[in-house]
Amino acid sequence: MSLLNFWRTHAAEFTTLLGQHVLLVGVSTLVAILAGVPIGILAARRPRAGAPIVWLANVVQTIPSLAMFGFLLPLPLIGGLGARVAIFVLILYALLPIVRTTTAGLRSVDSRSRHGDGDDAR
């Protein structure tokens with residue numbers, strides 16, 4: 001059976017599962033952005049508070065995904081099987097790059113331009 005033939009015979013199932021996948025990724029990415037950008041701003045403005053946050057995000061990133069699902073199975077409200085735990089795991093994995101790039105971006109901006117003391121070409 002060729003791949004195209006398989007897709008043709010399972011088009012409805014493929015479309016349903018693709019929609020579920022896009023929904024899971026979209027929701028988790030949106031929540032990760034809404035949480036990660038403020039965390040990154042905090043980490044950039046307050047390095048003593050930000051260092052443990054970035055460290056924790058690094059630790060979460062090192063945990064293999066199957067192990068993460070195993071750790072979360074017994075937790076109330078989050079654990080179990082299904083979309084809720086998948087979204088939670090995807091949020092955890094998305095936080096590190098969002099926090100790191102937000103922090104790095106804010107730290108790379110010259111402090112004079114952040115406070116309006118730079119030379120503006122107005």
# chains A, B, ... in the order shown; residues from 1 in each chain; ligands from 1
>>> residues_around(residues="A:Leu23", least_positions_apart="5", cutoff="12 Å", atoms="only C-alpha atoms", output="JSON, numbers by chain")
{"A": [16, 17, 18, 28, 29, 30, 83, 84, 86, 87, 90]}
>>> atom_distance(atom1="atom CA of A:Val109", atom2="atom CA of A:Arg48")
19.0 Å
>>> atom_distance(atom1="atom CA of A:Trp55", atom2="atom CA of A:Leu96")
9.3 Å
>>> select_by_dssp(residues="chain A", states="helix (DSSP H, G or I)", output="PyMOL selection string")
chain A and resi 3-9+11-45+47-62+65-72+83-108+111-114
>>> atom_distance(atom1="atom CA of A:Leu4", atom2="atom CA of A:Gly82")
29.1 Å
>>> closest_residue(among="A:Ala57, A:Ala104, A:Val99, A:Leu24", to="A:Ile39", atoms="only C-alpha atoms")
A:Val99
>>> residues_around(residues="A:Thr103", least_positions_apart="3", cutoff="12 Å", atoms="only C-alpha atoms", output="VMD selection string")
chain A and resid 36 to 47 50 to 51 53 to 54 95 to 100 106 to 109
>>> write_last_selection(atoms="C-alpha atoms", output="short mmCIF file (atom, residue, chain, number, x, y, z; two decimals), in the first residue's frame")
data_model
loop_
_atom_site.label_atom_id
_atom_site.label_comp_id
_atom_site.auth_asym_id
_atom_site.auth_seq_id
_atom_site.Cartn_x
_atom_site.Cartn_y
_atom_site.Cartn_z
CA GLY A 36 7.11 32.85 29.03
CA VAL A 37 7.38 36.47 27.91
CA PRO A 38 6.58 37.94 31.36
CA ILE A 39 8.90 35.37 32.96
CA GLY A 40 11.64 36.35 30.50
CA ILE A 41 11.08 40.03 31.28
CA LEU A 42 11.37 39.27 34.99
CA ALA A 43 14.53 37.23 34.39
CA ALA A 44 16.09 40.08 32.38
CA ARG A 45 15.20 42.80 34.89
CA ARG A 46 16.02 40.84 38.03
CA PRO A 47 18.91 38.44 37.31
CA GLY A 50 15.71 35.03 36.87
CA ALA A 51 18.64 32.66 37.27
CA ILE A 53 13.77 30.33 36.73
CA VAL A 54 16.01 29.75 33.71
CA LEU A 95 8.90 27.77 28.01
CA LEU A 96 12.70 27.46 27.83
CA PRO A 97 13.21 28.92 24.35
CA ILE A 98 10.66 31.66 24.98
CA VAL A 99 12.15 32.67 28.36
CA ARG A 100 15.74 32.48 27.07
CA LEU A 106 16.11 42.44 26.57
CA ARG A 107 19.67 42.13 27.89
CA SER A 108 21.10 42.90 24.46
CA VAL A 109 19.30 46.24 24.24
#
>>> residues_around(residues="A:Phe71", least_positions_apart="5", cutoff="12 Å", atoms="only C-alpha atoms", output="list in words")
Val60, Ile63, Pro64, Ser65, Leu66, Pro76, Ile78, Gly79, Gly80, Leu81, Val85 and Val89 of chain A
